[in-house]
file query31.pdb (PDB, C-alpha atoms)
ATOM      1  CA  MET H   1     -31.116  25.741  95.365
ATOM      2  CA  SER H   2     -33.652  24.005  93.133
ATOM      3  CA  SER H   3     -35.745  21.049  94.247
ATOM      4  CA  VAL H   4     -33.607  18.807  92.017
ATOM      5  CA  GLU H   5     -30.509  19.786  93.983
ATOM      6  CA  ARG H   6     -32.040  19.463  97.434
ATOM      7  CA  ILE H   7     -30.267  17.219  99.887
ATOM      8  CA  ARG H   8     -32.433  14.235 100.810
ATOM      9  CA  LEU H   9     -32.798  13.337 104.468
ATOM     10  CA  THR H  10     -34.932  10.768 106.252
ATOM     11  CA  TYR H  11     -35.983  11.223 109.865
ATOM     12  CA  ALA H  12     -36.723   7.873 111.499
ATOM     13  CA  PHE H  13     -38.655   8.388 114.709
ATOM     14  CA  ASP H  14     -41.333   6.880 116.892
ATOM     15  CA  ALA H  15     -44.168   8.913 118.367
ATOM     16  CA  TYR H  16     -43.762   7.046 121.677
ATOM     17  CA  CYS H  17     -39.988   7.629 121.797
ATOM     18  CA  GLY H  18     -39.014  10.085 124.535
ATOM     19  CA  TRP H  19     -35.645  10.788 122.965
ATOM     20  CA  CYS H  20     -37.432  11.721 119.739
ATOM     21  CA  TYR H  21     -39.528  14.175 121.751
ATOM     22  CA  GLY H  22     -36.317  15.628 123.142
ATOM     23  CA  PHE H  23     -34.728  15.847 119.690
ATOM     24  CA  GLU H  24     -37.714  17.510 118.022
ATOM     25  CA  PRO H  25     -36.928  21.180 118.847
ATOM     26  CA  ALA H  26     -33.404  20.852 117.459
ATOM     27  CA  LEU H  27     -34.609  19.046 114.354
ATOM     28  CA  HIS H  28     -37.315  21.636 113.751
ATOM     29  CA  GLY H  29     -34.755  24.406 114.074
ATOM     30  CA  PHE H  30     -32.396  22.627 111.699
ATOM     31  CA  ALA H  31     -35.182  22.036 109.168
ATOM     32  CA  ALA H  32     -36.243  25.674 109.292
ATOM     33  CA  VAL H  33     -32.728  27.063 108.807
ATOM     34  CA  ASN H  34     -32.024  24.672 105.937
ATOM     35  CA  ALA H  35     -35.464  24.677 104.333
ATOM     36  CA  ASP H  36     -34.120  25.949 101.032
ATOM     37  CA  ARG H  37     -31.679  23.098 100.581
ATOM     38  CA  ILE H  38     -33.102  19.951 102.169
ATOM     39  CA  GLU H  39     -35.951  17.567 101.447
ATOM     40  CA  LEU H  40     -36.964  15.821 104.665
ATOM     41  CA  ARG H  41     -38.950  12.581 104.757
ATOM     42  CA  VAL H  42     -40.446  11.486 108.095
ATOM     43  CA  LEU H  43     -40.925   7.765 108.749
ATOM     44  CA  SER H  44     -42.199   5.874 111.790
ATOM     45  CA  GLY H  45     -39.923   3.148 113.062
ATOM     46  CA  GLY H  46     -42.286   0.952 115.055
ATOM     47  CA  LEU H  47     -40.687   0.927 118.503
ATOM     48  CA  PHE H  48     -43.648  -0.571 120.369
ATOM     49  CA  THR H  49     -45.388  -3.058 118.090
ATOM     50  CA  GLY H  50     -46.558  -6.641 118.402
ATOM     51  CA  SER H  51     -45.612  -8.078 121.788
ATOM     52  CA  ARG H  52     -44.019  -4.750 122.763
ATOM     53  CA  ALA H  53     -47.301  -2.813 122.435
ATOM     54  CA  LEU H  54     -48.027  -2.778 126.171
ATOM     55  CA  PRO H  55     -49.346  -0.423 128.854
ATOM     56  CA  VAL H  56     -46.815   2.242 129.729
ATOM     57  CA  SER H  57     -46.556   0.718 133.220
ATOM     58  CA  ALA H  58     -44.807  -2.287 131.611
ATOM     59  CA  TYR H  59     -41.770  -0.056 131.024
ATOM     60  CA  PRO H  60     -40.606   1.028 134.499
ATOM     61  CA  HIS H  61     -37.426   2.619 133.113
ATOM     62  CA  ILE H  62     -39.386   5.426 131.444
ATOM     63  CA  PRO H  63     -39.525   7.947 134.327
ATOM     64  CA  GLY H  64     -35.765   7.754 134.786
ATOM     65  CA  ALA H  65     -35.187   8.098 131.063
ATOM     66  CA  ASN H  66     -37.450  11.143 131.012
ATOM     67  CA  GLY H  67     -35.295  12.819 133.626
ATOM     68  CA  ARG H  68     -32.226  12.199 131.507
ATOM     69  CA  ILE H  69     -33.997  13.522 128.395
ATOM     70  CA  THR H  70     -34.920  16.746 130.191
ATOM     71  CA  GLU H  71     -31.375  17.104 131.522
ATOM     72  CA  LEU H  72     -29.754  16.714 128.096
ATOM     73  CA  THR H  73     -32.274  18.383 125.783
ATOM     74  CA  GLY H  74     -34.242  20.810 127.957
ATOM     75  CA  VAL H  75     -37.702  19.545 126.998
ATOM     76  CA  THR H  76     -40.328  19.217 129.707
ATOM     77  CA  PHE H  77     -43.110  16.693 130.120
ATOM     78  CA  GLY H  78     -46.645  17.951 130.649
ATOM     79  CA  ASP H  79     -48.987  17.333 133.561
ATOM     80  CA  GLY H  80     -51.352  15.298 131.380
ATOM     81  CA  TYR H  81     -48.536  12.969 130.382
ATOM     82  CA  LEU H  82     -47.263  12.647 133.948
ATOM     83  CA  ALA H  83     -50.794  11.717 135.056
ATOM     84  CA  ALA H  84     -51.040   9.102 132.291
ATOM     85  CA  LEU H  85     -47.643   7.752 133.272
ATOM     86  CA  ALA H  86     -48.700   7.471 136.911
ATOM     87  CA  ASP H  87     -51.968   5.802 135.927
ATOM     88  CA  GLY H  88     -50.051   3.377 133.738
ATOM     89  CA  ARG H  89     -52.915   2.073 131.604
ATOM     90  CA  VAL H  90     -52.315   3.769 128.241
ATOM     91  CA  VAL H  91     -51.063   1.196 125.756
ATOM     92  CA  MET H  92     -48.172   2.484 123.679
ATOM     93  CA  ASP H  93     -48.965   1.047 120.260
ATOM     94  CA  SER H  94     -46.549   2.393 117.688
ATOM     95  CA  ALA H  95     -48.461   0.762 114.841
ATOM     96  CA  ASP H  96     -51.523   2.882 115.594
ATOM     97  CA  ALA H  97     -49.343   5.975 115.947
ATOM     98  CA  ALA H  98     -47.690   5.268 112.597
ATOM     99  CA  VAL H  99     -51.110   5.073 110.950
ATOM    100  CA  GLY H 100     -51.930   8.410 112.545
ATOM    101  CA  LEU H 101     -48.835   9.989 111.047
ATOM    102  CA  VAL H 102     -49.759   8.650 107.612
ATOM    103  CA  ALA H 103     -53.309   9.992 107.983
ATOM    104  CA  LEU H 104     -51.996  13.456 108.845
ATOM    105  CA  ARG H 105     -49.052  13.775 106.481
ATOM    106  CA  ASN H 106     -51.030  12.675 103.403
ATOM    107  CA  GLN H 107     -53.483  15.562 103.627
ATOM    108  CA  PRO H 108     -53.141  18.520 101.245
ATOM    109  CA  GLY H 109     -50.902  21.170 102.749
ATOM    110  CA  ALA H 110     -49.641  18.915 105.535
ATOM    111  CA  ASP H 111     -46.081  19.056 106.829
ATOM    112  CA  ALA H 112     -44.918  15.656 108.081
ATOM    113  CA  LEU H 113     -42.484  17.077 110.627
ATOM    114  CA  ASP H 114     -45.153  19.369 112.084
ATOM    115  CA  ALA H 115     -47.535  16.402 112.254
ATOM    116  CA  ALA H 116     -44.969  14.267 114.055
ATOM    117  CA  ALA H 117     -44.288  17.056 116.555
ATOM    118  CA  ALA H 118     -47.999  17.576 117.180
ATOM    119  CA  MET H 119     -48.459  13.869 117.859
ATOM    120  CA  GLN H 120     -45.625  13.870 120.366
ATOM    121  CA  ARG H 121     -47.109  16.870 122.144
ATOM    122  CA  ALA H 122     -50.440  15.045 122.347
ATOM    123  CA  TRP H 123     -48.715  12.251 124.256
ATOM    124  CA  TYR H 124     -45.802  13.881 126.073
ATOM    125  CA  VAL H 125     -47.650  17.033 127.092
ATOM    126  CA  GLU H 126     -51.322  16.087 127.220
ATOM    127  CA  GLY H 127     -51.019  12.351 127.917
ATOM    128  CA  ARG H 128     -53.461  11.381 125.163
ATOM    129  CA  SER H 129     -53.385   7.934 123.592
ATOM    130  CA  LEU H 130     -52.191   7.888 119.993
ATOM    131  CA  SER H 131     -54.612   5.031 119.325
ATOM    132  CA  ASP H 132     -57.599   7.392 119.712
ATOM    133  CA  VAL H 133     -59.036   8.704 116.454
ATOM    134  CA  GLU H 134     -60.318  11.805 118.272
ATOM    135  CA  VAL H 135     -56.711  12.801 118.906
ATOM    136  CA  TYR H 136     -56.155  12.935 115.159
ATOM    137  CA  ARG H 137     -59.301  14.965 114.621
ATOM    138  CA  ASP H 138     -57.996  17.501 117.111
ATOM    139  CA  LEU H 139     -54.508  17.501 115.627
ATOM    140  CA  ALA H 140     -55.951  17.988 112.154
ATOM    141  CA  ALA H 141     -57.762  21.094 113.378
ATOM    142  CA  GLU H 142     -54.579  22.330 115.067
ATOM    143  CA  LEU H 143     -52.607  21.827 111.849
ATOM    144  CA  GLY H 144     -55.267  23.369 109.595
ATOM    145  CA  LEU H 145     -56.202  20.058 107.971
ATOM    146  CA  ASP H 146     -59.560  18.438 107.212
ATOM    147  CA  ALA H 147     -60.448  16.590 110.424
ATOM    148  CA  GLY H 148     -62.989  14.326 108.735
ATOM    149  CA  ALA H 149     -60.552  13.334 106.026
ATOM    150  CA  VAL H 150     -57.889  12.576 108.617
ATOM    151  CA  ALA H 151     -60.287  10.431 110.655
ATOM    152  CA  ASP H 152     -61.354   8.529 107.549
ATOM    153  CA  ALA H 153     -57.737   7.981 106.546
ATOM    154  CA  TYR H 154     -56.866   6.749 110.035
ATOM    155  CA  ALA H 155     -59.541   4.069 109.742
ATOM    156  CA  SER H 156     -58.504   2.935 106.286
ATOM    157  CA  PRO H 157     -56.562  -0.245 105.473
ATOM    158  CA  THR H 158     -54.550   1.798 102.967
ATOM    159  CA  ALA H 159     -53.073   3.992 105.702
ATOM    160  CA  ARG H 160     -52.233   0.951 107.833
ATOM    161  CA  ALA H 161     -50.474  -0.663 104.874
ATOM    162  CA  GLU H 162     -48.487   2.531 104.304
ATOM    163  CA  ALA H 163     -47.498   2.610 107.966
ATOM    164  CA  GLU H 164     -46.241  -0.971 107.713
ATOM    165  CA  ALA H 165     -44.288   0.066 104.625
ATOM    166  CA  ASP H 166     -42.700   2.865 106.679
ATOM    167  CA  PHE H 167     -41.430   0.285 109.174
ATOM    168  CA  LEU H 168     -39.889  -1.702 106.336
ATOM    169  CA  ARG H 169     -38.241   1.380 104.829
ATOM    170  CA  VAL H 170     -36.670   2.213 108.178
ATOM    171  CA  ARG H 171     -35.334  -1.327 108.580
ATOM    172  CA  ARG H 172     -33.885  -1.232 105.079
ATOM    173  CA  LEU H 173     -31.994   1.915 106.052
ATOM    174  CA  GLY H 174     -30.379  -0.083 108.835
ATOM    175  CA  VAL H 175     -31.963   2.022 111.551
ATOM    176  CA  ASP H 176     -32.710   0.266 114.830
ATOM    177  CA  ALA H 177     -32.696   3.162 117.301
ATOM    178  CA  TYR H 178     -34.585   6.435 117.448
ATOM    179  CA  PRO H 179     -34.281   9.268 116.709
ATOM    180  CA  THR H 180     -32.054   8.799 113.669
ATOM    181  CA  LEU H 181     -31.507  11.382 110.944
ATOM    182  CA  VAL H 182     -30.247   9.757 107.744
ATOM    183  CA  LEU H 183     -28.473  11.642 104.982
ATOM    184  CA  HIS H 184     -28.841  10.141 101.509
ATOM    185  CA  THR H 185     -25.724  10.422  99.368
ATOM    186  CA  ALA H 186     -24.606   9.272  95.956
ATOM    187  CA  HIS H 187     -22.796   6.425  97.687
ATOM    188  CA  GLY H 188     -25.449   5.339 100.179
ATOM    189  CA  THR H 189     -26.468   6.792 103.517
ATOM    190  CA  ASP H 190     -24.801   8.493 106.470
ATOM    191  CA  ARG H 191     -26.202   9.346 109.868
ATOM    192  CA  LEU H 192     -26.338  13.007 110.723
ATOM    193  CA  GLY H 193     -25.918  14.016 114.343
ATOM    194  CA  GLY H 194     -27.422  12.228 117.319
ATOM    195  CA  PRO H 195     -30.304  12.442 119.814
ATOM    196  CA  VAL H 196     -28.850  15.386 121.724
ATOM    197  CA  SER H 197     -27.419  17.300 118.756
ATOM    198  CA  SER H 198     -28.386  20.954 118.548
ATOM    199  CA  ALA H 199     -29.801  22.574 115.421
ATOM    200  CA  GLU H 200     -26.464  24.314 114.957
ATOM    201  CA  ALA H 201     -24.521  21.059 115.268
ATOM    202  CA  LEU H 202     -26.784  19.389 112.702
ATOM    203  CA  THR H 203     -26.264  22.244 110.267
ATOM    204  CA  GLN H 204     -22.519  22.104 110.831
ATOM    205  CA  ALA H 205     -22.524  18.352 110.162
ATOM    206  CA  LEU H 206     -24.481  18.909 106.966
ATOM    207  CA  ASP H 207     -22.056  21.627 105.858
ATOM    208  CA  GLN H 208     -19.109  19.333 106.543
ATOM    209  CA  HIS H 209     -20.689  16.587 104.468
ATOM    210  CA  LEU H 210     -21.269  18.958 101.571
ATOM    211  CA  ALA H 211     -17.714  20.275 101.780
ATOM    212  CA  ALA H 212     -16.327  16.735 101.766
ATOM    213  CA  ALA H 213     -18.522  15.729  98.855
ATOM    214  CA  THR H 214     -17.434  18.766  96.863
ATOM    215  CA  SER H 215     -13.751  18.073  97.462
ATOM    216  CA  THR H 216     -13.888  14.478  96.216
TER
END

call {"tool": "encode", "arguments": {"input": "query31.pdb", "output": "structure tokens"}}
result
Amino acid sequence: MSSVERIRLTYAFDAYCGWCYGFEPALHGFAAVNADRIELRVLSGGLFTGSRALPVSAYPHIPGANGRITELTGVTFGDGYLAALADGRVVMDSADAAVGLVALRNQPGADALDAAAAMQRAWYVEGRSLSDVEVYRDLAAELGLDAGAVADAYASPTARAEAEADFLRVRRLGVDAYPTLVLHTAHGTDRLGGPVSSAEALTQALDQHLAAATST
């Protein structure tokens, strides 16, 4: 399938969204299996911004939600994250995290989905703040990117403006919950799967959409 014929998808996520962390393995599997026929854009939604950008201790429901996420998706949360959760002082600022995604994904050779997954591991496994530029230096090295360029991009007003634009794009898609995988069609958009969908279920949903589109 040529790039012109690729099916366009948008993944709306938030780096501080536990359900997005749970969904990531399935999405990665789906993206890998369908790499020859999809074009996947990754956008940050801005879950914890403005007055909601607070220390993790301000959200007492999180430990219970994490248990449910593990139960339904099989992901586990790392000791570093559990220590940060118990300490309670890390501020979950989705605006900073969105800038970090922009800084990573805009580098030559970067894969936005890999960058998003690496950011979530930094928080949900290691318990590292996604407002720390050193996190992005380390992730750049992990992803084979230029750490200095990533750090410079993270500090730039241009990257922050692009992150704000991501939030607007997500809102214009009508997305208000994460994770959401949006399928772009000739007639608008459809949502593909849900937070606990498997890679196989996502592929099946995509196949069904294509079959329906072909029959009309």

call {"tool": "resolve_selection", "arguments": {"input": "query31.pdb", "expression": "the PyMOL selection byres ((chain H and resi 182) around 7)", "output": "ChimeraX atom specification"}}
result
/H:9-11,180-181,183-184,189-192

call {"tool": "closest_atom_pairs", "arguments": {"input": "query31.pdb", "of": "range 109-160 of chain H", "to": "range 13-35 of chain H", "cutoff": "10 Å", "atoms": "all atoms listed in the file", "output": "CSV"}}
result
residue,atom,partner,partner_atom,distance
H:Leu113,CA,H:His28,CA,7.6
H:Asp114,CA,H:His28,CA,8.3
H:Ala116,CA,H:Ala15,CA,6.9
H:Ala117,CA,H:Glu24,CA,6.8
H:Ala118,CA,H:Ala15,CA,9.5
H:Met119,CA,H:Ala15,CA,6.6
H:Gln120,CA,H:Ala15,CA,5.5
H:Arg121,CA,H:Tyr21,CA,8.1
H:Ala122,CA,H:Ala15,CA,9.6
H:Trp123,CA,H:Tyr16,CA,7.6
H:Tyr124,CA,H:Tyr21,CA,7.6
H:Ser129,CA,H:Tyr16,CA,9.9
H:Leu130,CA,H:Ala15,CA,8.3

call {"tool": "atom_distance", "arguments": {"input": "query31.pdb", "atom1": "CA of Glu164 in chain H", "atom2": "CA of Ile62 in chain H"}}
result
25.5 Å

call {"tool": "resolve_selection", "arguments": {"input": "query31.pdb", "expression": "the PyMOL selection byres ((chain H and resi 115) around 12)", "output": "ChimeraX atom specification"}}
result
/H:15,24,28,42-44,97-107,109-114,116-122,135-136,138-145,150

call {"tool": "write_last_selection", "arguments": {"input": "query31.pdb", "atoms": "C-alpha atoms", "output": "PDB file, in the coordinates of the input"}}
result
ATOM      1  CA  ALA H  15     -44.168   8.913 118.367  1.00  0.00           C
ATOM      2  CA  GLU H  24     -37.714  17.510 118.022  1.00  0.00           C
ATOM      3  CA  HIS H  28     -37.315  21.636 113.751  1.00  0.00           C
ATOM      4  CA  VAL H  42     -40.446  11.486 108.095  1.00  0.00           C
ATOM      5  CA  LEU H  43     -40.925   7.765 108.749  1.00  0.00           C
ATOM      6  CA  SER H  44     -42.199   5.874 111.790  1.00  0.00           C
ATOM      7  CA  ALA H  97     -49.343   5.975 115.947  1.00  0.00           C
ATOM      8  CA  ALA H  98     -47.690   5.268 112.597  1.00  0.00           C
ATOM      9  CA  VAL H  99     -51.110   5.073 110.950  1.00  0.00           C
ATOM     10  CA  GLY H 100     -51.930   8.410 112.545  1.00  0.00           C
ATOM     11  CA  LEU H 101     -48.835   9.989 111.047  1.00  0.00           C
ATOM     12  CA  VAL H 102     -49.759   8.650 107.612  1.00  0.00           C
ATOM     13  CA  ALA H 103     -53.309   9.992 107.983  1.00  0.00           C
ATOM     14  CA  LEU H 104     -51.996  13.456 108.845  1.00  0.00           C
ATOM     15  CA  ARG H 105     -49.052  13.775 106.481  1.00  0.00           C
ATOM     16  CA  ASN H 106     -51.030  12.675 103.403  1.00  0.00           C
ATOM     17  CA  GLN H 107     -53.483  15.562 103.627  1.00  0.00           C
ATOM     18  CA  GLY H 109     -50.902  21.170 102.749  1.00  0.00           C
ATOM     19  CA  ALA H 110     -49.641  18.915 105.535  1.00  0.00           C
ATOM     20  CA  ASP H 111     -46.081  19.056 106.829  1.00  0.00           C
ATOM     21  CA  ALA H 112     -44.918  15.656 108.081  1.00  0.00           C
ATOM     22  CA  LEU H 113     -42.484  17.077 110.627  1.00  0.00           C
ATOM     23  CA  ASP H 114     -45.153  19.369 112.084  1.00  0.00           C
ATOM     24  CA  ALA H 116     -44.969  14.267 114.055  1.00  0.00           C
ATOM     25  CA  ALA H 117     -44.288  17.056 116.555  1.00  0.00           C
ATOM     26  CA  ALA H 118     -47.999  17.576 117.180  1.00  0.00           C
ATOM     27  CA  MET H 119     -48.459  13.869 117.859  1.00  0.00           C
ATOM     28  CA  GLN H 120     -45.625  13.870 120.366  1.00  0.00           C
ATOM     29  CA  ARG H 121     -47.109  16.870 122.144  1.00  0.00           C
ATOM     30  CA  ALA H 122     -50.440  15.045 122.347  1.00  0.00           C
ATOM     31  CA  VAL H 135     -56.711  12.801 118.906  1.00  0.00           C
ATOM     32  CA  TYR H 136     -56.155  12.935 115.159  1.00  0.00           C
ATOM     33  CA  ASP H 138     -57.996  17.501 117.111  1.00  0.00           C
ATOM     34  CA  LEU H 139     -54.508  17.501 115.627  1.00  0.00           C
ATOM     35  CA  ALA H 140     -55.951  17.988 112.154  1.00  0.00           C
ATOM     36  CA  ALA H 141     -57.762  21.094 113.378  1.00  0.00           C
ATOM     37  CA  GLU H 142     -54.579  22.330 115.067  1.00  0.00           C
ATOM     38  CA  LEU H 143     -52.607  21.827 111.849  1.00  0.00           C
ATOM     39  CA  GLY H 144     -55.267  23.369 109.595  1.00  0.00           C
ATOM     40  CA  LEU H 145     -56.202  20.058 107.971  1.00  0.00           C
ATOM     41  CA  VAL H 150     -57.889  12.576 108.617  1.00  0.00           C
TER      42      VAL H 150
END

call {"tool": "closest_residue", "arguments": {"input": "query31.pdb", "among": "H:Pro108, H:Arg172, H:Ala95, H:Glu71", "to": "Ala147 in chain H", "atoms": "all atoms listed in the file"}}
result
H:Pro108

call {"tool": "atom_distance", "arguments": {"input": "query31.pdb", "atom1": "CA of Thr49 in chain H", "atom2": "CA of Gly64 in chain H"}}
result
22.1 Å

call {"tool": "atom_distance", "arguments": {"input": "query31.pdb", "atom1": "CA of Ala83 in chain H", "atom2": "CA of Val133 in chain H"}}
result
20.6 Å

call {"tool": "closest_residue", "arguments": {"input": "query31.pdb", "among": "H:Leu72, H:Leu206, H:Ala84, H:Ala12", "to": "Arg171 in chain H", "atoms": "all atoms listed in the file"}}
result
H:Ala12

call {"tool": "residues_near_point", "arguments": {"input": "query31.pdb", "point": "(-20.6, 17.2, 100.0)", "cutoff": "12 Å", "atoms": "all atoms listed in the file", "output": "PDB file with C-alpha atoms, in the frame of the given file"}}
result
ATOM      1  CA  GLU H   5     -30.509  19.786  93.983  1.00  0.00           C
ATOM      2  CA  ARG H   6     -32.040  19.463  97.434  1.00  0.00           C
ATOM      3  CA  ILE H   7     -30.267  17.219  99.887  1.00  0.00           C
ATOM      4  CA  LEU H 183     -28.473  11.642 104.982  1.00  0.00           C
ATOM      5  CA  HIS H 184     -28.841  10.141 101.509  1.00  0.00           C
ATOM      6  CA  THR H 185     -25.724  10.422  99.368  1.00  0.00           C
ATOM      7  CA  ALA H 186     -24.606   9.272  95.956  1.00  0.00           C
ATOM      8  CA  HIS H 187     -22.796   6.425  97.687  1.00  0.00           C
ATOM      9  CA  ASP H 190     -24.801   8.493 106.470  1.00  0.00           C
ATOM     10  CA  ALA H 205     -22.524  18.352 110.162  1.00  0.00           C
ATOM     11  CA  LEU H 206     -24.481  18.909 106.966  1.00  0.00           C
ATOM     12  CA  ASP H 207     -22.056  21.627 105.858  1.00  0.00           C
ATOM     13  CA  GLN H 208     -19.109  19.333 106.543  1.00  0.00           C
ATOM     14  CA  HIS H 209     -20.689  16.587 104.468  1.00  0.00           C
ATOM     15  CA  LEU H 210     -21.269  18.958 101.571  1.00  0.00           C
ATOM     16  CA  ALA H 211     -17.714  20.275 101.780  1.00  0.00           C
ATOM     17  CA  ALA H 212     -16.327  16.735 101.766  1.00  0.00           C
ATOM     18  CA  ALA H 213     -18.522  15.729  98.855  1.00  0.00           C
ATOM     19  CA  THR H 214     -17.434  18.766  96.863  1.00  0.00           C
ATOM     20  CA  SER H 215     -13.751  18.073  97.462  1.00  0.00           C
ATOM     21  CA  THR H 216     -13.888  14.478  96.216  1.00  0.00           C
TER      22      THR H 216
END

call {"tool": "resolve_selection", "arguments": {"input": "query31.pdb", "expression": "the PyMOL selection byres ((chain H and resi 85) around 10)", "output": "list in words"}}
result
Pro55, Val56, Ser57, Pro60, Ile62, Pro63, Asp79, Gly80, Tyr81, Leu82, Ala83, Ala84, Ala86, Asp87, Gly88, Arg89, Val90, Tyr124 and Gly127 of chain H

call {"tool": "write_last_selection", "arguments": {"input": "query31.pdb", "atoms": "C-alpha atoms", "output": "mmCIF file, in the frame of the given file"}}
result
data_model
loop_
_atom_site.group_PDB
_atom_site.id
_atom_site.type_symbol
_atom_site.label_atom_id
_atom_site.label_comp_id
_atom_site.auth_asym_id
_atom_site.auth_seq_id
_atom_site.Cartn_x
_atom_site.Cartn_y
_atom_site.Cartn_z
ATOM 1 C CA PRO H 55 -49.346 -0.423 128.854
ATOM 2 C CA VAL H 56 -46.815 2.242 129.729
ATOM 3 C CA SER H 57 -46.556 0.718 133.220
ATOM 4 C CA PRO H 60 -40.606 1.028 134.499
ATOM 5 C CA ILE H 62 -39.386 5.426 131.444
ATOM 6 C CA PRO H 63 -39.525 7.947 134.327
ATOM 7 C CA ASP H 79 -48.987 17.333 133.561
ATOM 8 C CA GLY H 80 -51.352 15.298 131.380
ATOM 9 C CA TYR H 81 -48.536 12.969 130.382
ATOM 10 C CA LEU H 82 -47.263 12.647 133.948
ATOM 11 C CA ALA H 83 -50.794 11.717 135.056
ATOM 12 C CA ALA H 84 -51.040 9.102 132.291
ATOM 13 C CA ALA H 86 -48.700 7.471 136.911
ATOM 14 C CA ASP H 87 -51.968 5.802 135.927
ATOM 15 C CA GLY H 88 -50.051 3.377 133.738
ATOM 16 C CA ARG H 89 -52.915 2.073 131.604
ATOM 17 C CA VAL H 90 -52.315 3.769 128.241
ATOM 18 C CA TYR H 124 -45.802 13.881 126.073
ATOM 19 C CA GLY H 127 -51.019 12.351 127.917
#

call {"tool": "closest_residue", "arguments": {"input": "query31.pdb", "among": "H:Leu47, H:Val75, H:Ala161, H:Leu54", "to": "Pro179 in chain H", "atoms": "all atoms listed in the file"}}
result
H:Leu47

call {"tool": "residues_near_point", "arguments": {"input": "query31.pdb", "point": "(-43.4, 0.6, 120.0)", "cutoff": "6 Å", "atoms": "only C-alpha atoms", "output": "VMD selection string"}}
result
chain H and resid 46 to 49 53 93 to 94

call {"tool": "write_last_selection", "arguments": {"input": "query31.pdb", "atoms": "C-alpha atoms", "output": "CSV table (one decimal), in the coordinates of the input"}}
result
chain,number,residue,atom,x,y,z
H,46,GLY,CA,-42.3,1.0,115.1
H,47,LEU,CA,-40.7,0.9,118.5
H,48,PHE,CA,-43.6,-0.6,120.4
H,49,THR,CA,-45.4,-3.1,118.1
H,53,ALA,CA,-47.3,-2.8,122.4
H,93,ASP,CA,-49.0,1.0,120.3
H,94,SER,CA,-46.5,2.4,117.7

call {"tool": "axis_aligned_box", "arguments": {"input": "query31.pdb", "around": "range 114-122 of chain H", "padding_each_side": "6 Å", "output": "lines of an AutoDock Vina configuration file"}}
result
center_x = -47.4
center_y = 16.6
center_z = 117.2
size_x = 18.2
size_y = 17.5
size_z = 22.3
